[in-house]
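**Q** Got input_2.txt for you, compact mmCIF, C-alpha atoms and all ligand atoms:
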# COMPACT_ATOMS: atom_id res chain seq x y z
CA MET A 8 93.81 30.94 5.12
CA GLU A 9 95.27 28.96 7.97
CA THR A 10 92.69 27.61 10.43
CA LYS A 11 93.94 27.51 13.99
CA ILE A 12 92.44 25.42 16.81
CA ALA A 13 93.14 27.11 20.17
CA ALA A 14 92.30 26.16 23.74
CA ILE A 15 90.32 28.83 25.58
CA SER A 16 92.78 31.28 27.19
CA PRO A 17 93.01 35.04 27.64
CA GLU A 18 95.13 35.15 24.46
CA SER A 19 92.79 33.09 22.28
CA LEU A 20 89.75 35.01 23.57
CA ALA A 21 91.44 38.31 22.70
CA GLU A 22 92.26 36.98 19.24
CA ALA A 23 88.67 35.79 18.77
CA LYS A 24 87.42 39.24 19.74
CA ARG A 25 89.75 40.91 17.22
CA ILE A 26 88.45 38.63 14.45
CA ILE A 27 84.81 39.29 15.40
CA MET A 28 85.29 43.08 15.59
CA ASP A 29 86.94 42.94 12.15
CA GLY A 30 83.81 41.28 10.73
CA GLY A 31 85.17 37.73 10.69
CA VAL A 32 83.71 34.43 11.92
CA VAL A 33 85.03 32.14 14.64
CA GLY A 34 84.27 28.53 15.62
CA MET A 35 83.00 28.45 19.22
CA PRO A 36 82.09 25.68 21.65
CA THR A 37 78.70 25.42 23.33
CA GLU A 38 77.17 22.75 25.56
CA THR A 39 74.97 21.53 22.66
CA VAL A 40 77.07 21.64 19.48
CA TYR A 41 79.80 23.96 18.16
CA GLY A 42 78.73 27.22 16.51
CA LEU A 43 80.10 29.43 13.75
CA GLY A 44 79.93 32.87 15.37
CA GLY A 45 79.83 36.41 13.98
CA ASN A 46 78.78 39.90 15.10
CA ALA A 47 74.96 40.09 15.04
CA PHE A 48 75.07 43.84 14.36
CA ASP A 49 77.35 43.52 11.32
CA ASP A 50 75.52 42.82 8.04
CA SER A 51 78.59 41.61 6.22
CA ALA A 52 79.64 39.27 9.07
CA VAL A 53 76.15 37.75 9.09
CA LYS A 54 76.21 37.33 5.31
CA LYS A 55 79.63 35.72 5.59
CA ILE A 56 78.23 33.04 7.92
CA PHE A 57 75.59 32.09 5.35
CA GLU A 58 78.23 32.01 2.61
CA VAL A 59 80.82 29.94 4.48
CA LYS A 60 78.19 27.38 5.55
CA GLY A 61 76.35 27.29 2.24
CA ARG A 62 73.19 27.91 4.24
CA PRO A 63 69.91 28.76 2.46
CA ASN A 64 69.24 32.46 3.00
CA ASP A 65 65.73 31.93 4.38
CA ASN A 66 66.89 30.00 7.45
CA PRO A 67 67.34 32.43 10.37
CA LEU A 68 70.16 32.46 12.92
CA ILE A 69 70.19 32.39 16.72
CA ALA A 70 71.79 35.31 18.60
CA HIS A 71 73.93 34.17 21.56
CA VAL A 72 74.59 36.41 24.59
CA HIS A 73 76.36 36.02 27.94
CA LYS A 74 74.30 35.54 31.07
CA ASP A 75 74.54 39.14 32.30
CA TYR A 76 73.83 40.71 28.91
CA ASP A 77 70.95 43.19 29.07
CA LEU A 78 68.29 41.48 26.92
CA LEU A 79 66.45 44.79 26.59
CA LYS A 80 69.17 45.85 24.17
CA ILE A 81 67.73 43.45 21.58
CA VAL A 82 64.27 42.39 22.85
CA ASP A 83 61.30 44.38 24.18
CA TYR A 84 58.30 42.05 24.43
CA ASP A 85 58.85 39.60 27.27
CA PRO A 86 55.83 37.74 28.66
CA PRO A 87 56.06 36.71 32.36
CA TYR A 88 56.27 33.04 31.43
CA ALA A 89 59.46 33.72 29.41
CA LYS A 90 61.12 35.01 32.58
CA LEU A 91 60.08 31.81 34.37
CA LEU A 92 61.71 29.80 31.58
CA ARG A 93 64.91 31.83 31.75
CA ASP A 94 65.07 31.44 35.53
CA ALA A 95 64.51 27.68 35.28
CA PHE A 96 66.71 26.75 32.31
CA LEU A 97 69.17 29.49 31.40
CA PRO A 98 72.04 29.56 30.86
CA GLY A 99 71.41 26.27 29.08
CA PRO A 100 70.24 24.49 25.93
CA LEU A 101 67.03 26.48 25.40
CA THR A 102 66.59 29.16 22.71
CA LEU A 103 63.69 31.59 23.09
CA VAL A 104 62.09 33.24 20.06
CA TYR A 105 60.88 36.82 20.80
CA PRO A 106 59.22 39.40 18.56
CA SER A 107 61.98 41.19 16.71
CA THR A 108 62.88 44.79 17.56
CA GLY A 109 65.06 45.34 14.50
CA LYS A 110 68.16 46.03 16.59
CA VAL A 111 70.40 43.37 15.07
CA SER A 112 71.24 42.98 11.37
CA PRO A 113 68.14 42.29 9.24
CA TYR A 114 69.99 39.31 7.76
CA VAL A 115 69.81 37.46 11.10
CA SER A 116 66.07 36.71 10.98
CA CYS A 117 65.75 36.34 7.19
CA GLY A 118 62.55 38.36 6.97
CA LEU A 119 60.77 36.77 9.94
CA ASP A 120 59.39 39.23 12.51
CA THR A 121 61.06 37.36 15.37
CA LEU A 122 64.53 36.98 16.89
CA ALA A 123 65.88 33.79 18.47
CA VAL A 124 68.11 34.36 21.53
CA ARG A 125 70.18 31.80 23.38
CA ILE A 126 72.30 31.98 26.55
CA PRO A 127 74.60 28.96 26.42
CA SER A 128 75.91 27.45 29.66
CA HIS A 129 79.31 26.24 28.37
CA ALA A 130 82.02 28.08 30.34
CA GLY A 131 84.10 28.70 27.20
CA ALA A 132 81.07 30.10 25.35
CA GLN A 133 80.29 32.37 28.29
CA ALA A 134 83.90 33.59 28.40
CA PHE A 135 83.89 34.34 24.67
CA LEU A 136 80.49 36.11 24.78
CA ARG A 137 81.61 38.16 27.77
CA GLU A 138 84.85 39.10 26.01
CA VAL A 139 83.00 40.47 22.96
CA ASP A 140 79.97 41.73 24.96
CA ILE A 141 77.72 41.82 21.88
CA PRO A 142 75.21 39.29 20.54
CA ILE A 143 76.95 36.66 18.44
CA VAL A 144 74.89 34.89 15.80
CA ALA A 145 75.95 31.30 15.49
CA PRO A 146 74.47 28.46 13.50
CA SER A 147 75.85 24.99 14.12
CA ALA A 148 79.40 24.93 12.71
CA ASN A 149 78.86 22.35 9.99
CA LEU A 150 78.59 22.76 6.24
CA SER A 151 74.91 23.05 5.35
CA LYS A 152 73.21 19.62 5.38
CA HIS A 153 76.20 17.92 7.03
CA VAL A 154 76.16 16.45 10.54
CA SER A 155 76.43 19.04 13.36
CA PRO A 156 79.82 19.27 15.13
CA THR A 157 80.44 18.23 18.73
CA SER A 158 84.21 18.80 18.76
CA ALA A 159 86.69 21.40 17.51
CA GLN A 160 88.07 18.74 15.15
CA HIS A 161 84.60 18.31 13.55
CA VAL A 162 84.51 22.08 12.90
CA TYR A 163 88.03 21.89 11.44
CA ASP A 164 87.02 19.01 9.17
CA ASP A 165 84.25 21.15 7.60
CA PHE A 166 85.91 24.59 7.59
CA GLN A 167 89.65 24.05 7.28
CA GLY A 168 91.07 26.97 5.25
CA LYS A 169 87.77 28.88 5.43
CA ILE A 170 87.81 30.38 8.94
CA PRO A 171 90.80 31.70 10.93
CA LEU A 172 90.11 30.36 14.43
CA ILE A 173 88.26 27.62 16.30
CA LEU A 174 88.04 27.96 20.08
CA ASP A 175 88.40 24.47 21.53
CA GLY A 176 86.10 23.82 24.47
CA GLY A 177 86.26 20.01 24.44
CA ILE A 178 83.47 17.63 23.44
CA SER A 179 79.99 19.20 23.57
CA GLU A 180 78.26 17.45 26.43
CA GLY A 181 74.64 17.89 25.28
CA GLY A 182 75.28 16.64 21.78
CA ILE A 183 72.12 17.85 20.00
CA GLU A 184 71.11 21.44 19.27
CA SER A 185 69.14 23.56 21.72
CA THR A 186 65.38 23.37 22.09
CA VAL A 187 63.91 26.28 20.11
CA CYS A 188 60.80 27.67 21.81
CA ASP A 189 58.55 30.47 20.59
CA VAL A 190 57.51 32.90 23.35
CA THR A 191 55.55 35.36 21.21
CA GLY A 192 52.13 33.86 22.04
CA GLU A 193 49.93 32.97 25.02
CA ILE A 194 51.91 29.83 25.81
CA PRO A 195 55.38 28.63 24.81
CA VAL A 196 55.52 26.55 21.64
CA ILE A 197 58.42 24.25 20.79
CA LEU A 198 59.70 24.77 17.25
CA ARG A 199 62.64 22.36 17.50
CA PRO A 200 62.85 19.64 20.20
CA GLY A 201 66.04 19.33 22.26
CA LEU A 202 67.46 18.71 25.71
CA VAL A 203 64.93 20.93 27.47
CA THR A 204 61.80 18.87 26.85
CA ARG A 205 58.18 19.83 26.41
CA GLU A 206 57.39 18.21 29.79
CA MET A 207 60.12 20.24 31.52
CA ILE A 208 58.73 23.48 30.06
CA ALA A 209 55.12 22.57 30.90
CA ASP A 210 56.18 21.75 34.48
CA VAL A 211 57.48 25.29 34.91
CA VAL A 212 54.80 27.34 33.12
CA GLY A 213 51.79 25.01 33.09
CA ALA A 214 51.50 24.47 29.34
CA CYS A 215 53.65 23.99 26.27
CA GLY A 216 52.67 23.51 22.65
CA GLU A 217 54.55 21.85 19.84
CA TYR A 218 54.73 23.26 16.34
CA THR A 219 54.25 21.04 13.33
CA PRO A 220 54.56 22.72 9.94
CA ASP A 221 51.45 22.74 7.76
CA PRO A 222 51.84 19.64 5.53
CA ASN A 223 50.25 21.48 2.59
CA GLY A 224 52.86 24.23 2.92
CA LYS A 225 50.20 26.98 2.74
CA GLU A 226 50.81 28.67 6.07
CA LYS A 227 53.98 30.75 6.58
CA VAL A 228 56.61 28.52 8.20
CA LYS A 229 57.50 29.60 11.74
CA SER A 230 60.91 28.02 11.80
CA PRO A 231 62.32 27.34 8.33
CA GLY A 232 65.05 25.08 9.71
CA VAL A 233 62.52 22.35 10.44
CA LEU A 234 61.90 21.88 6.70
CA TYR A 235 65.45 21.40 5.54
CA LYS A 236 67.26 18.15 4.99
CA HIS A 237 69.77 18.04 7.80
CA TYR A 238 72.48 16.26 9.66
CA SER A 239 73.34 13.74 6.94
CA PRO A 240 76.48 11.65 7.06
CA ARG A 241 78.24 11.21 3.72
CA CYS A 242 77.36 7.55 3.26
CA GLU A 243 74.15 5.69 2.46
CA THR A 244 71.85 5.54 5.46
CA ALA A 245 68.79 3.50 6.41
CA LEU A 246 66.58 3.66 9.48
CA CYS A 247 64.99 0.45 10.81
CA GLN A 248 62.23 0.13 13.39
CA SER A 249 63.44 -3.19 14.78
CA VAL A 250 66.53 -5.38 15.11
CA GLU A 251 64.90 -7.99 12.85
CA GLU A 252 64.43 -5.44 10.09
CA ALA A 253 68.04 -4.29 10.45
CA ALA A 254 69.31 -7.89 10.36
CA ARG A 255 67.31 -8.62 7.16
CA LEU A 256 68.65 -5.50 5.46
CA CYS A 257 72.16 -6.28 6.60
CA GLU A 258 72.09 -9.82 5.19
CA LYS A 259 70.94 -8.53 1.79
CA GLN A 260 74.11 -6.45 1.34
CA THR A 261 76.96 -7.72 -0.77
CA GLY A 262 80.25 -5.97 -1.27
CA LYS A 263 79.28 -3.03 0.92
CA ARG A 264 80.92 -2.08 4.20
CA VAL A 265 78.03 -1.95 6.66
CA ALA A 266 77.82 -0.33 10.09
CA ILE A 267 75.01 -0.70 12.63
CA LEU A 268 74.10 2.25 14.87
CA ALA A 269 71.88 1.27 17.80
CA GLU A 270 71.40 1.53 21.53
CA ASP A 271 73.61 -0.42 23.91
CA GLY A 272 71.34 -3.47 24.38
CA VAL A 273 70.90 -4.00 20.64
CA ILE A 274 74.64 -3.73 20.00
CA ALA A 275 75.42 -6.18 22.83
CA ALA A 276 73.05 -8.79 21.35
CA TRP A 277 73.95 -8.26 17.66
CA LYS A 278 74.84 -11.57 15.96
CA ILE A 279 75.73 -10.96 12.31
CA GLY A 280 79.48 -10.74 11.76
CA GLY A 281 81.46 -8.57 9.37
CA VAL A 282 79.76 -5.31 10.31
CA LYS A 283 81.02 -2.36 12.34
CA LEU A 284 79.05 -1.70 15.51
CA LEU A 285 78.39 1.86 16.71
CA ASN A 286 76.98 1.99 20.23
CA LEU A 287 74.64 4.94 20.86
CA GLY A 288 74.61 4.23 24.57
CA LYS A 289 72.22 3.30 27.37
CA ASP A 290 70.09 6.32 28.21
CA GLU A 291 68.68 9.40 26.51
CA ARG A 292 71.47 11.76 27.60
CA GLU A 293 74.18 9.37 26.44
CA MET A 294 72.41 8.85 23.11
CA ALA A 295 72.11 12.62 22.56
CA ASN A 296 75.78 13.07 23.50
CA ARG A 297 77.07 10.37 21.12
CA LEU A 298 74.76 10.69 18.11
CA TYR A 299 76.59 13.22 15.93
CA GLY A 300 80.08 11.92 16.70
CA LEU A 301 78.98 8.43 15.63
CA LEU A 302 77.28 9.70 12.46
CA ARG A 303 80.56 11.38 11.52
CA GLU A 304 82.54 8.27 12.43
CA ALA A 305 80.26 6.18 10.18
CA GLU A 306 81.26 8.26 7.15
CA GLY A 307 84.81 7.05 7.43
CA ILE A 308 84.18 3.35 8.03
CA CYS A 309 81.16 2.22 5.99
CA ASP A 310 79.25 2.57 2.72
CA LEU A 311 75.89 1.91 4.36
CA LEU A 312 74.89 2.92 7.87
CA ILE A 313 71.90 1.00 9.23
CA ALA A 314 70.41 2.73 12.27
CA VAL A 315 67.95 0.99 14.58
CA GLU A 316 65.47 3.31 16.31
CA PRO A 317 65.92 3.20 20.10
CA GLU A 318 62.97 1.91 22.17
CA LYS A 319 62.46 5.05 24.20
CA LYS A 320 60.55 7.72 22.29
CA ASP A 321 59.73 10.41 24.87
CA GLY A 322 61.61 13.08 26.83
CA VAL A 323 65.00 13.96 25.35
CA MET A 324 64.51 11.13 22.83
CA VAL A 325 61.98 13.30 20.97
CA GLY A 326 64.95 15.49 19.99
CA VAL A 327 67.34 12.59 19.38
CA LEU A 328 64.80 10.79 17.14
CA ASN A 329 64.05 14.03 15.28
CA ARG A 330 67.77 14.23 14.34
CA LEU A 331 68.21 10.51 13.69
CA ARG A 332 65.19 10.37 11.38
CA LYS A 333 66.42 13.35 9.38
CA ALA A 334 69.94 11.94 9.17
CA CYS A 335 69.18 8.39 8.08
CA THR A 336 66.93 8.60 5.05
CA SER A 337 68.96 7.92 1.93
CA VAL A 338 67.87 4.27 1.44
CA ASP A 339 64.20 3.34 1.34
CA ILE A 340 64.18 0.05 3.23
CA ARG A 341 60.83 -1.07 1.83
CA HIS A 342 62.52 -1.94 -1.49
O1 LIG B 401 72.28 24.57 20.10
C1 LIG B 401 72.10 25.38 19.20
O2 LIG B 401 71.02 26.01 19.05
C2 LIG B 401 73.25 25.62 18.22
C3 LIG B 401 74.43 26.22 19.00
C4 LIG B 401 75.58 26.62 18.12
O3 LIG B 401 73.97 27.29 19.77
N1 LIG B 401 72.86 26.45 17.13
C5 LIG B 401 72.05 25.98 16.13
O4 LIG B 401 71.84 26.90 15.12
O5 LIG B 401 71.58 24.87 16.12
P1 LIG B 401 71.25 26.48 13.70
O6 LIG B 401 71.36 27.72 12.92
O7 LIG B 401 71.96 25.30 13.18
O8 LIG B 401 69.75 26.18 13.98
C6 LIG B 401 68.90 27.24 14.35
C7 LIG B 401 67.46 26.82 14.26
C8 LIG B 401 67.00 26.66 12.83
O9 LIG B 401 66.12 25.56 12.76
C9 LIG B 401 66.28 27.97 12.57
O10 LIG B 401 65.27 27.86 11.59
C10 LIG B 401 65.70 28.28 13.95
O11 LIG B 401 66.68 27.84 14.87
N2 LIG B 401 65.49 29.72 14.15
C11 LIG B 401 66.41 30.70 14.22
N3 LIG B 401 65.84 31.91 14.34
C12 LIG B 401 64.52 31.70 14.39
C13 LIG B 401 63.38 32.54 14.50
N4 LIG B 401 63.50 33.86 14.59
N5 LIG B 401 62.16 31.98 14.50
C14 LIG B 401 62.04 30.64 14.41
N6 LIG B 401 63.07 29.77 14.28
C15 LIG B 401 64.30 30.30 14.27
MG MG B 402 72.27 23.50 12.23
Could the structure of this file be written out as structure tokens, please?
**A**
Amino acid sequence: METKIAAISPESLAEAKRIIMDGGVVGMPTETVYGLGGNAFDDSAVKKIFEVKGRPNDNPLIAHVHKDYDLLKIVDYDPPYAKLLRDAFLPGPLTLVYPSTGKVSPYVSCGLDTLAVRIPSHAGAQAFLREVDIPIVAPSANLSKHVSPTSAQHVYDDFQGKIPLILDGGISEGGIESTVCDVTGEIPVILRPGLVTREMIADVVGACGEYTPDPNGKEKVKSPGVLYKHYSPRCETALCQSVEEAARLCEKQTGKRVAILAEDGVIAAWKIGGVKLLNLGKDEREMANRLYGLLREAEGICDLLIAVEPEKKDGVMVGVLNRLRKACTSVDIRH
């Protein structure tokens, strides 16, 4: 199969719609990362997404709709605070998890009694969702366990020959996946941190919890995605807590191509020669925006990627650190 990358135009949107209505999958831009979209009502399209990605079949998908889509077609329980969240943050990088009504394919939620719904703000995503006018389930458009894609080229690199069309909407500005927030209880609970932070949600509705899976694994997992190994570049990776630690690890290496991934100030002051420097940027938004692109770049230029944890740990950095820590774990630096 030939895989085409097409700018968003009336023609490419019409082609994307044809593919979707025929049960196929399409690469689509969003403001967070690119998605691999299919018709949420079509069992075989949903199964195809799992197959093409190599995704474990107990990890549910998010349904994406345009901003004027009637949510009552797929959701019935809607607490007042969920409306406040939609008014404050949507369209945007926030996914809300509602009780399921069984309207979309049962394969979407993988046996959970909930449905995750997202209204992306990216103009190209909105145009595509409006064109099809049905919920589109879309996981991040990367092979399972690989780094999420923030450009059409990243999607192509993982799915060349496996999907017919990638809609090109430029570089994803947000850079990390949406915040996933459960709205089935008394207060919202964050299942996956992202660009809409816990503080931002609490500011709007007065309270916001944060889900941490039971370490003993006894309780049923609310969001299976949080358990999986994720986002890994195809090179060795290590995560250091300080520049000194990174420098020590770097000096121990012989015969390996090494790259350092760190925030702007650390990169500017780095002294050891012979290593590639990958600058995450100055502030939390920049670091979110650059993270995945740099992890993918590292694969091509080094054997060992040494990441230094940025100083800032709160706000959007909760999401950035969540991804960075999952991505950079192949080498245990204590040995
Ligand atoms: O920004 C995003 O959310 C991107 C773009 C493409 O929209 N999508 C994305 O999808 O990141 P994916 O499939 O890579 O991650 C979805 C996450 C997983 O951690 C999954 O477990 C969780 O959302 N999830 C999906 N449905 C859920 C549900 N019903 N209850 C709890 N968690 C759910
Ligand atoms: Mg993903």
**Q** Go through the chains and note each residue within 7 Å of ligand MG 402 (chain B), using all atoms listed in the file, then give the set as a PyMOL selection string.
**A** chain A and resi 146-147+155
**Q** Using Å and a single decimal, report how far CA of Gly99 (chain A) sits from CA of Asp290 (chain A).
**A**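 One can read the CA of Asp290 (chain A) to CA of Gly99 (chain A) distance as 20.0 Å.
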**Q** Using only C-alpha atoms, determine which residues lie at most 6 Å from Ile183 (chain A), disregarding the query and same-chain residues fewer than 2 positions distant; provide the list as a list in words.
**A**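 Within the cut-off, the hits are Thr39, Gly181 and Ala295 of chain A.
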**Q** For Phe96 (chain A), find every residue with an atom within 10 Å (counting only C-alpha atoms), except residues of its own chain fewer than 3 positions away, and show them as a compact mmCIF listing (two decimals) with C-alpha atoms, in the frame of the given file.
**A**
# COMPACT_ATOMS: atom_id res chain seq x y z
CA LYS A 90 61.12 35.01 32.58
CA LEU A 91 60.08 31.81 34.37
CA LEU A 92 61.71 29.80 31.58
CA ARG A 93 64.91 31.83 31.75
CA GLY A 99 71.41 26.27 29.08
CA PRO A 100 70.24 24.49 25.93
CA LEU A 101 67.03 26.48 25.40
CA THR A 102 66.59 29.16 22.71
CA ILE A 126 72.30 31.98 26.55
CA SER A 128 75.91 27.45 29.66
CA VAL A 203 64.93 20.93 27.47
CA MET A 207 60.12 20.24 31.52
CA ILE A 208 58.73 23.48 30.06
CA VAL A 211 57.48 25.29 34.91
**Q** Which neighbours of Gly201 (chain A) fall inside 6 Å, counting all atoms listed in the file, when residues of the same chain fewer than 2 positions from it are skipped, and could you give them as a compact mmCIF listing (two decimals) with C-alpha atoms, in the coordinates of the input?
**A**
# COMPACT_ATOMS: atom_id res chain seq x y z
CA SER A 185 69.14 23.56 21.72
CA THR A 186 65.38 23.37 22.09
CA VAL A 203 64.93 20.93 27.47
CA GLY A 326 64.95 15.49 19.99
**Q** So that all listed atoms of ligand LIG 401 (chain B) fit with 3 Å spare on each side, what axis-aligned box centre and edge lengths in Å, to one decimal, would you give as AutoDock Vina command-line options?
**A**
--center_x 68.8 --center_y 29.2 --center_z 15.8 --size_x 19.5 --size_y 15.3 --size_z 14.5
**Q** Distance table requested - chain A against ligand LIG 401 (chain B), cut-off 8 Å, only C-alpha atoms and all ligand atoms: one row per qualifying residue with the closest atom pair and its distance in Å to one decimal, ordered by chain and rising residue number, as CSV.
**A**
residue,atom,partner,partner_atom,distance
A:Met35,CA,B:LIG401,C4,7.7
A:Pro36,CA,B:LIG401,C4,7.5
A:Thr37,CA,B:LIG401,C3,6.1
A:Glu38,CA,B:LIG401,O1,7.6
A:Thr39,CA,B:LIG401,O1,4.8
A:Val40,CA,B:LIG401,C3,5.3
A:Tyr41,CA,B:LIG401,C4,5.0
A:Gly42,CA,B:LIG401,C4,3.6
A:Leu43,CA,B:LIG401,C4,6.9
A:Asn66,CA,B:LIG401,O10,4.9
A:Pro67,CA,B:LIG401,N3,4.3
A:Leu68,CA,B:LIG401,C11,4.3
A:Ile69,CA,B:LIG401,C11,4.8
A:His71,CA,B:LIG401,O3,7.1
A:Pro100,CA,B:LIG401,O1,6.2
A:Leu101,CA,B:LIG401,O2,7.5
A:Thr102,CA,B:LIG401,O2,6.6
A:Val104,CA,B:LIG401,N4,5.7
A:Tyr105,CA,B:LIG401,N4,7.4
A:Ser107,CA,B:LIG401,N4,7.8
A:Val115,CA,B:LIG401,N3,7.6
A:Ser116,CA,B:LIG401,N4,5.3
A:Leu119,CA,B:LIG401,N4,6.1
A:Asp120,CA,B:LIG401,N4,7.1
A:Thr121,CA,B:LIG401,N4,4.3
A:Leu122,CA,B:LIG401,N4,4.0
A:Ala123,CA,B:LIG401,N3,4.5
A:Val124,CA,B:LIG401,N3,7.9
A:Arg125,CA,B:LIG401,O3,6.9
A:Pro127,CA,B:LIG401,O3,6.9
A:Ala145,CA,B:LIG401,C4,5.4
A:Pro146,CA,B:LIG401,O6,3.2
A:Ser147,CA,B:LIG401,O7,4.0
A:Ala148,CA,B:LIG401,C4,6.8
A:Ser155,CA,B:LIG401,O7,7.7
A:Ile183,CA,B:LIG401,O1,6.7
A:Glu184,CA,B:LIG401,O1,3.4
A:Ser185,CA,B:LIG401,O1,3.7
A:Thr186,CA,B:LIG401,O2,6.9
A:Val187,CA,B:LIG401,O11,6.1
A:Asp189,CA,B:LIG401,C14,7.1
A:Leu198,CA,B:LIG401,N6,6.7
A:Arg199,CA,B:LIG401,O9,6.7
A:Lys229,CA,B:LIG401,C14,5.4
A:Ser230,CA,B:LIG401,N6,3.7
A:Pro231,CA,B:LIG401,O10,4.4
A:Gly232,CA,B:LIG401,O9,3.3
A:Val233,CA,B:LIG401,O9,5.4
**Q** Of the candidates A:Val196, A:Ile81, A:Asp310, A:Tyr114, which one gets nearest to Gln260 (chain A) if we count all atoms listed in the file?
**A**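 Residue with the minimum atom-to-atom distance to Gln260 (chain A): A:Asp310.
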**Q** Select, from A:Ile308, A:Leu150, A:Val111, A:Leu328, the residue with the minimum atom-to-atom distance to Phe166 (chain A), counting only C-alpha atoms.
**A** A:Leu150
**Q** Could you name the residues that touch Ala214 (chain A) at 8 Å or less, counting only C-alpha atoms, but leaving out those on the same chain fewer than 5 positions away, as a list in words?
**A**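 Skipping anything fewer than 5 positions along the chain leaves Ile194, Pro195, Ile208 and Ala209 of chain A.
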**Q** Select, from A:Ile56, A:Val144, A:Ala23, A:Val190, the residue with the minimum atom-to-atom distance to Val82 (chain A), counting all atoms listed in the file.
**A**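 Comparing A:Ile56, A:Val144, A:Ala23, A:Val190 against Val82 (chain A), the winner is A:Val190.
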**Q** Rounded to one decimal in Å, what is the spacing between CA of Ser179 (chain A) and CA of Ser158 (chain A)?
**A**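 Interatomic distance here is 6.4 Å.
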**Q** Which of these residues is nearest to Glu306 (chain A), using all atoms listed in the file: A:Ser19, A:Gln167, A:Ser151, A:Thr244?
**A**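 With all atoms listed in the file as the atom set, the closest residue is A:Thr244.
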**Q** When distances are computed from only C-alpha atoms, which of A:Met324, A:Ile26, A:Ile12, A:Cys117 shows the smallest separation from Asp65 (chain A)?
**A** A:Cys117
**Q** I need the residue nearest Glu217 (chain A) from this list: A:Gln133, A:Cys188, A:Glu293, A:Cys242. Use only C-alpha atoms for the distance.
**A**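 Result for the nearest residue to Glu217 (chain A): A:Cys188.
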**Q** Quick one: distance from CA of Cys247 (chain A) to CA of Pro220 (chain A) in Å, one decimal?
**A**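 That distance, rounded to one decimal, is 24.6 Å.
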**Q** Using all atoms listed in the file, list the residues that have an atom at most 12 Å from (87.8, 15.4, 16.9), coordinates as in the file, as a PyMOL selection string.
**A** chain A and resi 12+41+156-165+175-179+299-301+303-304
**Q** For the residues in that selection, give me C-alpha atoms as a PDB file, in the coordinates of the input.
**A**
ATOM      1  CA  ILE A  12      92.440  25.420  16.810  1.00  0.00           C
ATOM      2  CA  TYR A  41      79.800  23.960  18.160  1.00  0.00           C
ATOM      3  CA  PRO A 156      79.820  19.270  15.130  1.00  0.00           C
ATOM      4  CA  THR A 157      80.440  18.230  18.730  1.00  0.00           C
ATOM      5  CA  SER A 158      84.210  18.800  18.760  1.00  0.00           C
ATOM      6  CA  ALA A 159      86.690  21.400  17.510  1.00  0.00           C
ATOM      7  CA  GLN A 160      88.070  18.740  15.150  1.00  0.00           C
ATOM      8  CA  HIS A 161      84.600  18.310  13.550  1.00  0.00           C
ATOM      9  CA  VAL A 162      84.510  22.080  12.900  1.00  0.00           C
ATOM     10  CA  TYR A 163      88.030  21.890  11.440  1.00  0.00           C
ATOM     11  CA  ASP A 164      87.020  19.010   9.170  1.00  0.00           C
ATOM     12  CA  ASP A 165      84.250  21.150   7.600  1.00  0.00           C
ATOM     13  CA  ASP A 175      88.400  24.470  21.530  1.00  0.00           C
ATOM     14  CA  GLY A 176      86.100  23.820  24.470  1.00  0.00           C
ATOM     15  CA  GLY A 177      86.260  20.010  24.440  1.00  0.00           C
ATOM     16  CA  ILE A 178      83.470  17.630  23.440  1.00  0.00           C
ATOM     17  CA  SER A 179      79.990  19.200  23.570  1.00  0.00           C
ATOM     18  CA  TYR A 299      76.590  13.220  15.930  1.00  0.00           C
ATOM     19  CA  GLY A 300      80.080  11.920  16.700  1.00  0.00           C
ATOM     20  CA  LEU A 301      78.980   8.430  15.630  1.00  0.00           C
ATOM     21  CA  ARG A 303      80.560  11.380  11.520  1.00  0.00           C
ATOM     22  CA  GLU A 304      82.540   8.270  12.430  1.00  0.00           C
TER      23      GLU A 304
END
**Q** Give me the residues within 12 Å of Glu252 (chain A) as a PyMOL selection string, counting all atoms listed in the file and dropping any in the same chain fewer than 4 places off.
**A** chain A and resi 245-248+256-259+267+313-316+340-341
